[in-house]
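> So here's protein.pdb (PDB, C-alpha atoms, pLDDT in the B column).
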ATOM      1  CA  GLU A1080       0.000   0.000   0.000  1.00 68.00           C
ATOM      2  CA  ALA A1081       1.397   3.428  -0.990  1.00 80.00           C
ATOM      3  CA  GLU A1082       2.302   5.733   1.871  1.00 92.00           C
ATOM      4  CA  VAL A1083       3.495   9.265   2.467  1.00 96.00           C
ATOM      5  CA  ALA A1084       7.143   9.237   3.552  1.00 97.00           C
ATOM      6  CA  GLN A1085       8.689  11.773   5.915  1.00 97.00           C
ATOM      7  CA  SER A1086      12.137  12.232   7.379  1.00 97.00           C
ATOM      8  CA  PRO A1087      13.550  12.590   9.887  1.00 97.00           C
ATOM      9  CA  ARG A1088      11.076  11.078  12.334  1.00 95.00           C
ATOM     10  CA  TYR A1089      12.604  12.979  15.252  1.00 96.00           C
ATOM     11  CA  LYS A1090      14.712  16.133  15.380  1.00 97.00           C
ATOM     12  CA  ILE A1091      16.230  17.873  18.384  1.00 97.00           C
ATOM     13  CA  THR A1092      17.823  21.245  17.820  1.00 97.00           C
ATOM     14  CA  GLU A1093      18.825  24.335  19.723  1.00 96.00           C
ATOM     15  CA  LYS A1094      17.052  27.624  19.236  1.00 95.00           C
ATOM     16  CA  SER A1095      18.444  29.822  16.476  1.00 96.00           C
ATOM     17  CA  GLN A1096      19.565  26.763  14.495  1.00 97.00           C
ATOM     18  CA  ALA A1097      18.188  25.825  11.079  1.00 97.00           C
ATOM     19  CA  VAL A1098      16.137  22.651  10.560  1.00 98.00           C
ATOM     20  CA  ALA A1099      14.680  21.007   7.477  1.00 98.00           C
ATOM     21  CA  PHE A1100      12.022  18.356   7.002  1.00 98.00           C
ATOM     22  CA  TRP A1101      11.409  16.257   3.909  1.00 98.00           C
ATOM     23  CA  CYS A1102       8.201  14.740   2.551  1.00 97.00           C
ATOM     24  CA  ASP A1103       7.560  12.361  -0.363  1.00 97.00           C
ATOM     25  CA  PRO A1104       3.837  12.100  -1.188  1.00 96.00           C
ATOM     26  CA  ILE A1105       1.990   9.106  -2.557  1.00 94.00           C
ATOM     27  CA  SER A1106       2.870   8.666  -6.225  1.00 92.00           C
ATOM     28  CA  GLY A1107       0.473  10.580  -8.462  1.00 90.00           C
ATOM     29  CA  HIS A1108      -0.820  12.884  -5.730  1.00 91.00           C
ATOM     30  CA  ALA A1109      -0.564  16.416  -7.056  1.00 90.00           C
ATOM     31  CA  THR A1110      -1.645  18.142  -3.854  1.00 92.00           C
ATOM     32  CA  LEU A1111       0.700  18.254  -0.865  1.00 95.00           C
ATOM     33  CA  TYR A1112       0.053  19.786   2.543  1.00 96.00           C
ATOM     34  CA  TRP A1113       2.270  20.632   5.518  1.00 97.00           C
ATOM     35  CA  TYR A1114       0.512  20.821   8.896  1.00 97.00           C
ATOM     36  CA  ARG A1115       1.821  21.689  12.355  1.00 97.00           C
ATOM     37  CA  GLN A1116       0.375  19.928  15.380  1.00 96.00           C
ATOM     38  CA  ILE A1117       1.064  21.294  18.841  1.00 94.00           C
ATOM     39  CA  LEU A1118       0.720  18.706  21.603  1.00 88.00           C
ATOM     40  CA  GLY A1119      -2.906  18.289  22.649  1.00 87.00           C
ATOM     41  CA  GLN A1120      -4.337  20.133  19.648  1.00 92.00           C
ATOM     42  CA  GLY A1121      -5.530  19.352  16.148  1.00 94.00           C
ATOM     43  CA  PRO A1122      -3.196  19.957  13.190  1.00 95.00           C
ATOM     44  CA  GLU A1123      -3.224  23.345  11.466  1.00 96.00           C
ATOM     45  CA  LEU A1124      -2.209  24.005   7.867  1.00 96.00           C
ATOM     46  CA  LEU A1125       1.096  25.720   7.213  1.00 97.00           C
ATOM     47  CA  VAL A1126       1.247  25.465   3.422  1.00 97.00           C
ATOM     48  CA  GLN A1127      -0.533  23.746   0.529  1.00 94.00           C
ATOM     49  CA  PHE A1128       1.012  22.948  -2.862  1.00 94.00           C
ATOM     50  CA  GLN A1129      -0.718  22.104  -6.106  1.00 91.00           C
ATOM     51  CA  ASP A1130       2.054  20.502  -8.161  1.00 92.00           C
ATOM     52  CA  GLU A1131       4.965  22.957  -7.665  1.00 93.00           C
ATOM     53  CA  SER A1132       2.796  26.009  -6.946  1.00 93.00           C
ATOM     54  CA  VAL A1133       1.820  27.329  -3.527  1.00 94.00           C
ATOM     55  CA  VAL A1134      -1.958  27.437  -3.152  1.00 92.00           C
ATOM     56  CA  ASP A1135      -2.268  28.525   0.482  1.00 93.00           C
ATOM     57  CA  ASP A1136       0.502  29.762   2.763  1.00 95.00           C
ATOM     58  CA  SER A1137      -1.566  32.251   4.721  1.00 94.00           C
ATOM     59  CA  GLN A1138      -0.642  30.661   8.074  1.00 94.00           C
ATOM     60  CA  LEU A1139       3.047  30.133   7.300  1.00 96.00           C
ATOM     61  CA  PRO A1140       5.327  32.377   9.419  1.00 94.00           C
ATOM     62  CA  LYS A1141       7.254  33.585   6.422  1.00 93.00           C
ATOM     63  CA  ASP A1142       9.908  35.417   8.409  1.00 95.00           C
ATOM     64  CA  ARG A1143      11.347  32.077   9.506  1.00 97.00           C
ATOM     65  CA  PHE A1144       9.574  29.301   7.595  1.00 97.00           C
ATOM     66  CA  SER A1145       9.991  28.386   3.941  1.00 97.00           C
ATOM     67  CA  ALA A1146       8.662  25.541   1.836  1.00 97.00           C
ATOM     68  CA  GLU A1147       9.380  24.325  -1.644  1.00 96.00           C
ATOM     69  CA  ARG A1148       8.286  21.622  -4.036  1.00 95.00           C
ATOM     70  CA  LEU A1149      10.550  22.299  -6.982  1.00 86.00           C
ATOM     71  CA  LYS A1150       9.596  19.432  -9.309  1.00 88.00           C
ATOM     72  CA  GLY A1151       6.067  18.971  -8.054  1.00 85.00           C
ATOM     73  CA  VAL A1152       6.885  15.731  -6.281  1.00 92.00           C
ATOM     74  CA  ASP A1153       8.731  15.763  -2.943  1.00 96.00           C
ATOM     75  CA  SER A1154       8.827  18.790  -0.688  1.00 97.00           C
ATOM     76  CA  THR A1155      11.057  20.403   1.943  1.00 98.00           C
ATOM     77  CA  LEU A1156       9.947  22.568   4.871  1.00 98.00           C
ATOM     78  CA  LYS A1157      12.633  24.699   6.507  1.00 98.00           C
ATOM     79  CA  ILE A1158      12.759  26.716   9.717  1.00 97.00           C
ATOM     80  CA  GLN A1159      15.508  29.269  10.219  1.00 97.00           C
ATOM     81  CA  PRO A1160      16.059  30.242  12.952  1.00 96.00           C
ATOM     82  CA  ALA A1161      14.161  27.774  15.126  1.00 97.00           C
ATOM     83  CA  GLU A1162      12.426  29.141  18.228  1.00 96.00           C
ATOM     84  CA  LEU A1163      11.258  27.362  21.384  1.00 96.00           C
ATOM     85  CA  GLY A1164       7.633  27.733  20.286  1.00 95.00           C
ATOM     86  CA  ASP A1165       8.317  25.729  17.119  1.00 97.00           C
ATOM     87  CA  SER A1166       8.432  22.497  19.120  1.00 97.00           C
ATOM     88  CA  ALA A1167       5.632  20.442  17.602  1.00 96.00           C
ATOM     89  CA  MET A1168       4.804  17.570  15.255  1.00 96.00           C
ATOM     90  CA  TYR A1169       5.109  18.474  11.574  1.00 97.00           C
ATOM     91  CA  LEU A1170       2.785  16.400   9.414  1.00 97.00           C
ATOM     92  CA  CYS A1171       2.818  16.025   5.647  1.00 97.00           C
ATOM     93  CA  ALA A1172      -0.262  14.879   3.742  1.00 96.00           C
ATOM     94  CA  SER A1173      -1.111  14.320   0.088  1.00 94.00           C
ATOM     95  CA  SER A1174      -4.244  13.881  -1.999  1.00 92.00           C
ATOM     96  CA  LEU A1175      -5.379  13.318  -5.566  1.00 85.00           C
ATOM     97  CA  VAL A1176      -6.744  16.293  -7.476  1.00 68.00           C
ATOM     98  CA  SER A1177     -10.374  15.465  -7.935  1.00 63.00           C
ATOM     99  CA  ARG A1178     -13.662  17.159  -7.312  1.00 58.00           C
ATOM    100  CA  TYR A1179     -15.033  13.953  -5.790  1.00 58.00           C
ATOM    101  CA  THR A1180     -12.002  12.383  -4.191  1.00 60.00           C
ATOM    102  CA  ASP A1181     -10.495  14.608  -1.593  1.00 73.00           C
ATOM    103  CA  THR A1182      -9.109  12.322   1.058  1.00 88.00           C
ATOM    104  CA  GLN A1183      -5.805  13.433   2.533  1.00 92.00           C
ATOM    105  CA  TYR A1184      -3.351  10.728   3.536  1.00 93.00           C
ATOM    106  CA  PHE A1185      -0.801  11.535   6.216  1.00 95.00           C
ATOM    107  CA  GLY A1186       2.799  10.555   6.740  1.00 96.00           C
ATOM    108  CA  PRO A1187       4.247   9.504  10.127  1.00 95.00           C
ATOM    109  CA  GLY A1188       5.314  13.060  10.948  1.00 96.00           C
ATOM    110  CA  THR A1189       8.494  14.687  12.236  1.00 96.00           C
ATOM    111  CA  ARG A1190       8.586  15.462  15.938  1.00 95.00           C
ATOM    112  CA  LEU A1191      10.651  18.630  16.486  1.00 97.00           C
ATOM    113  CA  THR A1192      12.039  19.597  19.875  1.00 97.00           C
ATOM    114  CA  VAL A1193      13.715  22.991  20.190  1.00 97.00           C
ATOM    115  CA  LEU A1194      15.939  23.424  23.257  1.00 96.00           C
TER     116      LEU A1194
ATOM    117  CA  ALA B1099     -14.373  30.749   8.570  1.00 77.00           C
ATOM    118  CA  GLN B1100     -15.241  27.130   9.073  1.00 85.00           C
ATOM    119  CA  THR B1101     -14.872  25.699  12.560  1.00 93.00           C
ATOM    120  CA  VAL B1102     -15.048  22.188  13.981  1.00 97.00           C
ATOM    121  CA  THR B1103     -15.918  21.502  17.615  1.00 97.00           C
ATOM    122  CA  GLN B1104     -15.430  18.298  19.580  1.00 97.00           C
ATOM    123  CA  SER B1105     -16.995  18.818  22.993  1.00 95.00           C
ATOM    124  CA  GLN B1106     -15.677  15.622  24.614  1.00 96.00           C
ATOM    125  CA  PRO B1107     -11.962  15.936  25.486  1.00 96.00           C
ATOM    126  CA  GLU B1108     -11.952  12.360  26.828  1.00 97.00           C
ATOM    127  CA  MET B1109     -14.161   9.291  26.565  1.00 97.00           C
ATOM    128  CA  SER B1110     -13.816   5.776  27.908  1.00 97.00           C
ATOM    129  CA  VAL B1111     -15.606   2.551  27.086  1.00 97.00           C
ATOM    130  CA  GLN B1112     -15.470  -1.088  28.097  1.00 97.00           C
ATOM    131  CA  GLU B1113     -14.015  -3.495  25.586  1.00 97.00           C
ATOM    132  CA  ALA B1114     -16.748  -4.915  23.278  1.00 97.00           C
ATOM    133  CA  GLU B1115     -19.123  -2.063  24.099  1.00 97.00           C
ATOM    134  CA  THR B1116     -20.282   0.748  21.800  1.00 98.00           C
ATOM    135  CA  VAL B1117     -19.165   4.362  22.078  1.00 98.00           C
ATOM    136  CA  THR B1118     -20.193   7.527  20.230  1.00 98.00           C
ATOM    137  CA  LEU B1119     -17.911  10.517  19.704  1.00 98.00           C
ATOM    138  CA  SER B1120     -19.519  13.880  18.976  1.00 98.00           C
ATOM    139  CA  CYS B1121     -18.582  16.542  16.445  1.00 98.00           C
ATOM    140  CA  THR B1122     -20.270  19.723  15.290  1.00 97.00           C
ATOM    141  CA  TYR B1123     -19.121  22.109  12.610  1.00 97.00           C
ATOM    142  CA  ASP B1124     -19.974  25.506  11.269  1.00 95.00           C
ATOM    143  CA  THR B1125     -20.051  26.367   7.566  1.00 93.00           C
ATOM    144  CA  SER B1126     -22.137  28.347   5.122  1.00 91.00           C
ATOM    145  CA  GLU B1127     -21.237  25.999   2.270  1.00 89.00           C
ATOM    146  CA  SER B1128     -23.561  23.289   0.996  1.00 87.00           C
ATOM    147  CA  ASP B1129     -20.953  21.015  -0.554  1.00 88.00           C
ATOM    148  CA  TYR B1130     -18.122  19.703   1.601  1.00 91.00           C
ATOM    149  CA  TYR B1131     -16.499  16.585   3.053  1.00 92.00           C
ATOM    150  CA  LEU B1132     -16.223  15.382   6.631  1.00 95.00           C
ATOM    151  CA  PHE B1133     -13.735  12.923   8.061  1.00 96.00           C
ATOM    152  CA  TRP B1134     -12.823  11.097  11.227  1.00 98.00           C
ATOM    153  CA  TYR B1135      -9.112  10.449  11.709  1.00 97.00           C
ATOM    154  CA  LYS B1136      -7.503   8.313  14.400  1.00 97.00           C
ATOM    155  CA  GLN B1137      -4.117   9.168  15.903  1.00 95.00           C
ATOM    156  CA  PRO B1138      -2.617   6.408  18.096  1.00 92.00           C
ATOM    157  CA  PRO B1139       0.311   7.084  20.426  1.00 84.00           C
ATOM    158  CA  SER B1140       2.658   6.536  17.468  1.00 74.00           C
ATOM    159  CA  ARG B1141       1.154   9.840  16.254  1.00 75.00           C
ATOM    160  CA  GLN B1142       0.459   8.830  12.609  1.00 88.00           C
ATOM    161  CA  MET B1143      -2.910  10.188  11.490  1.00 93.00           C
ATOM    162  CA  ILE B1144      -5.018   7.374  10.070  1.00 94.00           C
ATOM    163  CA  LEU B1145      -8.251   7.824   8.110  1.00 95.00           C
ATOM    164  CA  VAL B1146     -11.205   6.111   9.793  1.00 97.00           C
ATOM    165  CA  ILE B1147     -14.197   7.182   7.723  1.00 96.00           C
ATOM    166  CA  ARG B1148     -15.295   9.770   5.163  1.00 94.00           C
ATOM    167  CA  GLN B1149     -18.656  11.414   4.411  1.00 94.00           C
ATOM    168  CA  GLU B1150     -19.650  13.542   1.435  1.00 91.00           C
ATOM    169  CA  ALA B1151     -22.167  16.240   2.362  1.00 91.00           C
ATOM    170  CA  TYR B1152     -24.265  15.640  -0.766  1.00 90.00           C
ATOM    171  CA  LYS B1153     -24.902  12.036   0.261  1.00 89.00           C
ATOM    172  CA  GLN B1154     -27.809  11.454   2.611  1.00 87.00           C
ATOM    173  CA  GLN B1155     -26.731   7.906   3.443  1.00 93.00           C
ATOM    174  CA  ASN B1156     -24.483   7.625   6.475  1.00 96.00           C
ATOM    175  CA  ALA B1157     -21.031   6.168   5.790  1.00 95.00           C
ATOM    176  CA  THR B1158     -19.981   2.884   7.387  1.00 96.00           C
ATOM    177  CA  GLU B1159     -16.637   1.070   7.551  1.00 95.00           C
ATOM    178  CA  ASN B1160     -16.841  -2.263   9.350  1.00 96.00           C
ATOM    179  CA  ARG B1161     -17.282  -1.414  13.073  1.00 97.00           C
ATOM    180  CA  PHE B1162     -17.249   2.330  12.425  1.00 98.00           C
ATOM    181  CA  SER B1163     -20.290   4.331  11.331  1.00 98.00           C
ATOM    182  CA  VAL B1164     -21.342   7.957  11.341  1.00 98.00           C
ATOM    183  CA  ASN B1165     -24.544   9.826  12.068  1.00 97.00           C
ATOM    184  CA  PHE B1166     -24.481  12.765   9.665  1.00 96.00           C
ATOM    185  CA  GLN B1167     -27.123  15.415  10.365  1.00 96.00           C
ATOM    186  CA  LYS B1168     -26.552  18.123   7.753  1.00 94.00           C
ATOM    187  CA  ALA B1169     -29.206  20.550   8.985  1.00 94.00           C
ATOM    188  CA  ALA B1170     -27.898  20.320  12.534  1.00 95.00           C
ATOM    189  CA  LYS B1171     -24.269  20.408  11.313  1.00 96.00           C
ATOM    190  CA  SER B1172     -23.524  17.347  13.384  1.00 97.00           C
ATOM    191  CA  PHE B1173     -21.223  14.439  12.509  1.00 97.00           C
ATOM    192  CA  SER B1174     -20.838  11.799  15.224  1.00 98.00           C
ATOM    193  CA  LEU B1175     -18.759   8.615  15.067  1.00 98.00           C
ATOM    194  CA  LYS B1176     -20.029   5.335  16.480  1.00 98.00           C
ATOM    195  CA  ILE B1177     -17.571   2.565  17.253  1.00 98.00           C
ATOM    196  CA  SER B1178     -19.200  -0.817  17.802  1.00 98.00           C
ATOM    197  CA  ASP B1179     -17.604  -3.793  19.559  1.00 97.00           C
ATOM    198  CA  SER B1180     -14.747  -1.598  20.847  1.00 97.00           C
ATOM    199  CA  GLN B1181     -11.308  -3.190  20.776  1.00 97.00           C
ATOM    200  CA  LEU B1182      -8.132  -2.347  22.669  1.00 96.00           C
ATOM    201  CA  GLY B1183      -6.553  -1.235  19.402  1.00 94.00           C
ATOM    202  CA  ASP B1184      -9.194   1.478  19.055  1.00 96.00           C
ATOM    203  CA  ALA B1185      -7.561   3.458  21.856  1.00 96.00           C
ATOM    204  CA  ALA B1186      -6.311   6.727  20.341  1.00 96.00           C
ATOM    205  CA  MET B1187      -7.030  10.410  19.804  1.00 97.00           C
ATOM    206  CA  TYR B1188      -9.894  10.858  17.363  1.00 98.00           C
ATOM    207  CA  PHE B1189     -10.136  13.994  15.262  1.00 98.00           C
ATOM    208  CA  CYS B1190     -13.135  15.233  13.322  1.00 98.00           C
ATOM    209  CA  ALA B1191     -12.184  17.254  10.234  1.00 96.00           C
ATOM    210  CA  TYR B1192     -13.875  19.319   7.510  1.00 94.00           C
ATOM    211  CA  THR B1193     -12.840  20.354   4.018  1.00 91.00           C
ATOM    212  CA  GLN B1194     -14.557  21.970   1.069  1.00 86.00           C
ATOM    213  CA  GLY B1195     -12.572  20.028  -1.447  1.00 74.00           C
ATOM    214  CA  ALA B1196      -8.989  20.484  -2.623  1.00 74.00           C
ATOM    215  CA  GLN B1197      -8.426  22.693   0.411  1.00 83.00           C
ATOM    216  CA  LYS B1198      -6.999  22.378   3.889  1.00 89.00           C
ATOM    217  CA  LEU B1199      -8.547  20.173   6.526  1.00 93.00           C
ATOM    218  CA  VAL B1200      -9.985  22.060   9.495  1.00 95.00           C
ATOM    219  CA  PHE B1201      -9.661  19.871  12.574  1.00 97.00           C
ATOM    220  CA  GLY B1202     -11.434  19.771  15.906  1.00 97.00           C
ATOM    221  CA  GLN B1203      -9.488  19.639  19.174  1.00 96.00           C
ATOM    222  CA  GLY B1204      -9.755  15.868  19.395  1.00 97.00           C
ATOM    223  CA  THR B1205     -11.267  13.296  21.750  1.00 98.00           C
ATOM    224  CA  ARG B1206      -9.024  10.894  23.628  1.00 97.00           C
ATOM    225  CA  LEU B1207     -10.649   7.447  23.661  1.00 97.00           C
ATOM    226  CA  THR B1208      -9.655   4.908  26.298  1.00 97.00           C
ATOM    227  CA  ILE B1209     -10.704   1.264  26.056  1.00 97.00           C
ATOM    228  CA  ASN B1210     -11.021  -0.530  29.402  1.00 96.00           C
ATOM    229  CA  PRO B1211     -10.351  -4.308  29.302  1.00 93.00           C
TER     230      PRO B1211
END
With the file now loaded, output its structure as structure tokens.

Amino acid sequence: EAEVAQSPRYKITEKSQAVAFWCDPISGHATLYWYRQILGQGPELLVQFQDESVVDDSQLPKDRFSAERLKGVDSTLKIQPAELGDSAMYLCASSLVSRYTDTQYFGPGTRLTVL
Amino acid sequence: AQTVTQSQPEMSVQEAETVTLSCTYDTSESDYYLFWYKQPPSRQMILVIRQEAYKQQNATENRFSVNFQKAAKSFSLKISDSQLGDAAMYFCAYTQGAQKLVFGQGTRLTINP
């Protein structure tokens, strides 16, 4: 069964350092999402890609966060510099582009701890 | 903006019993999708069940079923014959299609042996 891949699974860093997360969506899924999940809460969207284009980055803290999906397949989310409040689970999800099929499938996530 | 509310932070049920998790949402749209996701301690979000708003028939997946009340904007999840492996956080989520999921705060479900 096809799955969304993410790496690393865990990342510990010190504040002011740079971190990067990688996501490989299910093959053929044109839409890719990055969510942030703070402990005890539901995930919230950071950025949505349609192929290589950004569709929604309204909640992305652009002063420190960046995301790219250069060839419309895998994607990288970067934080520079990391702050204590960035400690969270970062989830990647993908879906087919279809008016009637809109299920998002999630990867295992990257748990970030900022010290 | 659309919102999703789960009013039960925690629920518990005896193994083999039935439990219902509640979810309400707010939207002015008529066409949308609703989901229940399960997140075990391993933290991977797993799809449990999906409902299209234009369908009147409630979705079912084995032991999992929903009660979708469109006029009341209610979308509850019923788990029958609860098993120990059902223990997890359960999230209700909404999307209009090809857009972000809006999640509720989650309900932690405990299964008592």
> Could you tell me which residues of chain A sit within 8 Å of chain B when counting all atoms listed in the file, and give me the result as a count of residues only?
20
> Run through the PyMOL selection byres ((chain B and resi 1159) around 10) on the given coordinates and return the selected residues as a list in words.
Val1146, Ile1147, Arg1148, Ala1157, Thr1158, Asn1160, Arg1161, Phe1162, Ser1163, Val1164 and Ile1177 of chain B
> Name the residues in contact with range 1148-1152 of chain A at a cut-off of 12 Å, using all atoms listed in the file, excluding same-chain residues fewer than 6 positions from it; report them as JSON, numbers by chain.
{"A": [1083, 1084, 1101, 1102, 1103, 1104, 1105, 1106, 1107, 1108, 1109, 1110, 1111, 1112, 1113, 1126, 1127, 1128, 1129, 1130, 1131, 1132, 1133, 1134, 1173]}
> Store the residues picked out above, limited to C-alpha atoms, as a tab-separated table (two decimals), keeping the file's coordinate frame.

chain	number	residue	atom	x	y	z
A	1083	VAL	CA	3.50	9.26	2.47
A	1084	ALA	CA	7.14	9.24	3.55
A	1101	TRP	CA	11.41	16.26	3.91
A	1102	CYS	CA	8.20	14.74	2.55
A	1103	ASP	CA	7.56	12.36	-0.36
A	1104	PRO	CA	3.84	12.10	-1.19
A	1105	ILE	CA	1.99	9.11	-2.56
A	1106	SER	CA	2.87	8.67	-6.22
A	1107	GLY	CA	0.47	10.58	-8.46
A	1108	HIS	CA	-0.82	12.88	-5.73
A	1109	ALA	CA	-0.56	16.42	-7.06
A	1110	THR	CA	-1.64	18.14	-3.85
A	1111	LEU	CA	0.70	18.25	-0.86
A	1112	TYR	CA	0.05	19.79	2.54
A	1113	TRP	CA	2.27	20.63	5.52
A	1126	VAL	CA	1.25	25.46	3.42
A	1127	GLN	CA	-0.53	23.75	0.53
A	1128	PHE	CA	1.01	22.95	-2.86
A	1129	GLN	CA	-0.72	22.10	-6.11
A	1130	ASP	CA	2.05	20.50	-8.16
A	1131	GLU	CA	4.96	22.96	-7.66
A	1132	SER	CA	2.80	26.01	-6.95
A	1133	VAL	CA	1.82	27.33	-3.53
A	1134	VAL	CA	-1.96	27.44	-3.15
A	1173	SER	CA	-1.11	14.32	0.09
> For a test of reading the model, state the distance in Å between CA of Phe1166 in chain B and CA of Arg1115 in chain A, rounded to one decimal.
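CA of Arg1115 in chain A lies at a distance of 27.9 Å from CA of Phe1166 in chain B.
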> Quick one, how far is CA of Ile1158 in chain A from CA of Leu1170 in chain A?
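About the pair CA of Ile1158 in chain A and CA of Leu1170 in chain A: they are 14.4 Å apart.
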> Starting from the incomplete input, reconstruct all heavy atoms of range 1139-1146 of chain B and write that as a short mmCIF file (atom, residue, chain, number, x, y, z; two decimals), keeping the file's coordinate frame.

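Full text of selection-v2.cif as output:
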data_model
loop_
_atom_site.label_atom_id
_atom_site.label_comp_id
_atom_site.auth_asym_id
_atom_site.auth_seq_id
_atom_site.Cartn_x
_atom_site.Cartn_y
_atom_site.Cartn_z
N PRO B 1139 -0.89 6.51 19.80
CA PRO B 1139 0.31 7.08 20.43
C PRO B 1139 1.50 7.22 19.48
O PRO B 1139 2.35 8.07 19.69
CB PRO B 1139 0.59 6.10 21.57
CG PRO B 1139 -0.75 5.56 21.92
CD PRO B 1139 -1.49 5.46 20.61
N SER B 1140 1.57 6.41 18.44
CA SER B 1140 2.66 6.54 17.47
C SER B 1140 2.57 7.84 16.69
O SER B 1140 3.52 8.21 16.00
CB SER B 1140 2.64 5.36 16.49
OG SER B 1140 1.46 5.43 15.67
N ARG B 1141 1.42 8.52 16.80
CA ARG B 1141 1.15 9.84 16.25
C ARG B 1141 0.87 9.89 14.76
O ARG B 1141 0.75 10.95 14.21
CB ARG B 1141 2.26 10.84 16.59
CG ARG B 1141 2.64 10.97 18.02
CD ARG B 1141 1.72 11.78 18.89
NE ARG B 1141 1.27 13.05 18.42
CZ ARG B 1141 1.76 14.23 18.82
NH1 ARG B 1141 2.79 14.28 19.64
NH2 ARG B 1141 1.25 15.36 18.39
N GLN B 1142 0.83 8.75 14.02
CA GLN B 1142 0.46 8.83 12.61
C GLN B 1142 -1.04 8.95 12.49
O GLN B 1142 -1.80 8.19 13.08
CB GLN B 1142 0.95 7.60 11.83
CG GLN B 1142 0.52 7.62 10.37
CD GLN B 1142 1.50 6.95 9.44
OE1 GLN B 1142 2.42 6.28 9.89
NE2 GLN B 1142 1.31 7.12 8.14
N MET B 1143 -1.49 9.92 11.71
CA MET B 1143 -2.91 10.19 11.49
C MET B 1143 -3.45 9.17 10.48
O MET B 1143 -2.96 9.09 9.35
CB MET B 1143 -3.05 11.61 10.96
CG MET B 1143 -4.43 12.20 11.08
SD MET B 1143 -4.87 12.69 12.75
CE MET B 1143 -3.89 14.16 12.93
N ILE B 1144 -4.47 8.43 10.90
CA ILE B 1144 -5.02 7.37 10.07
C ILE B 1144 -6.48 7.67 9.77
O ILE B 1144 -7.26 7.96 10.67
CB ILE B 1144 -4.91 6.01 10.80
CG1 ILE B 1144 -3.46 5.69 11.13
CG2 ILE B 1144 -5.53 4.89 9.95
CD1 ILE B 1144 -3.29 4.55 12.10
N LEU B 1145 -6.87 7.59 8.50
CA LEU B 1145 -8.25 7.82 8.11
C LEU B 1145 -9.14 6.70 8.63
O LEU B 1145 -8.85 5.54 8.45
CB LEU B 1145 -8.37 7.91 6.59
CG LEU B 1145 -9.79 8.06 6.05
CD1 LEU B 1145 -10.35 9.43 6.42
CD2 LEU B 1145 -9.80 7.85 4.54
N VAL B 1146 -10.23 7.08 9.29
CA VAL B 1146 -11.20 6.11 9.79
C VAL B 1146 -12.40 6.03 8.86
O VAL B 1146 -12.80 4.93 8.44
CB VAL B 1146 -11.69 6.50 11.21
CG1 VAL B 1146 -12.81 5.55 11.68
CG2 VAL B 1146 -10.53 6.48 12.20
#
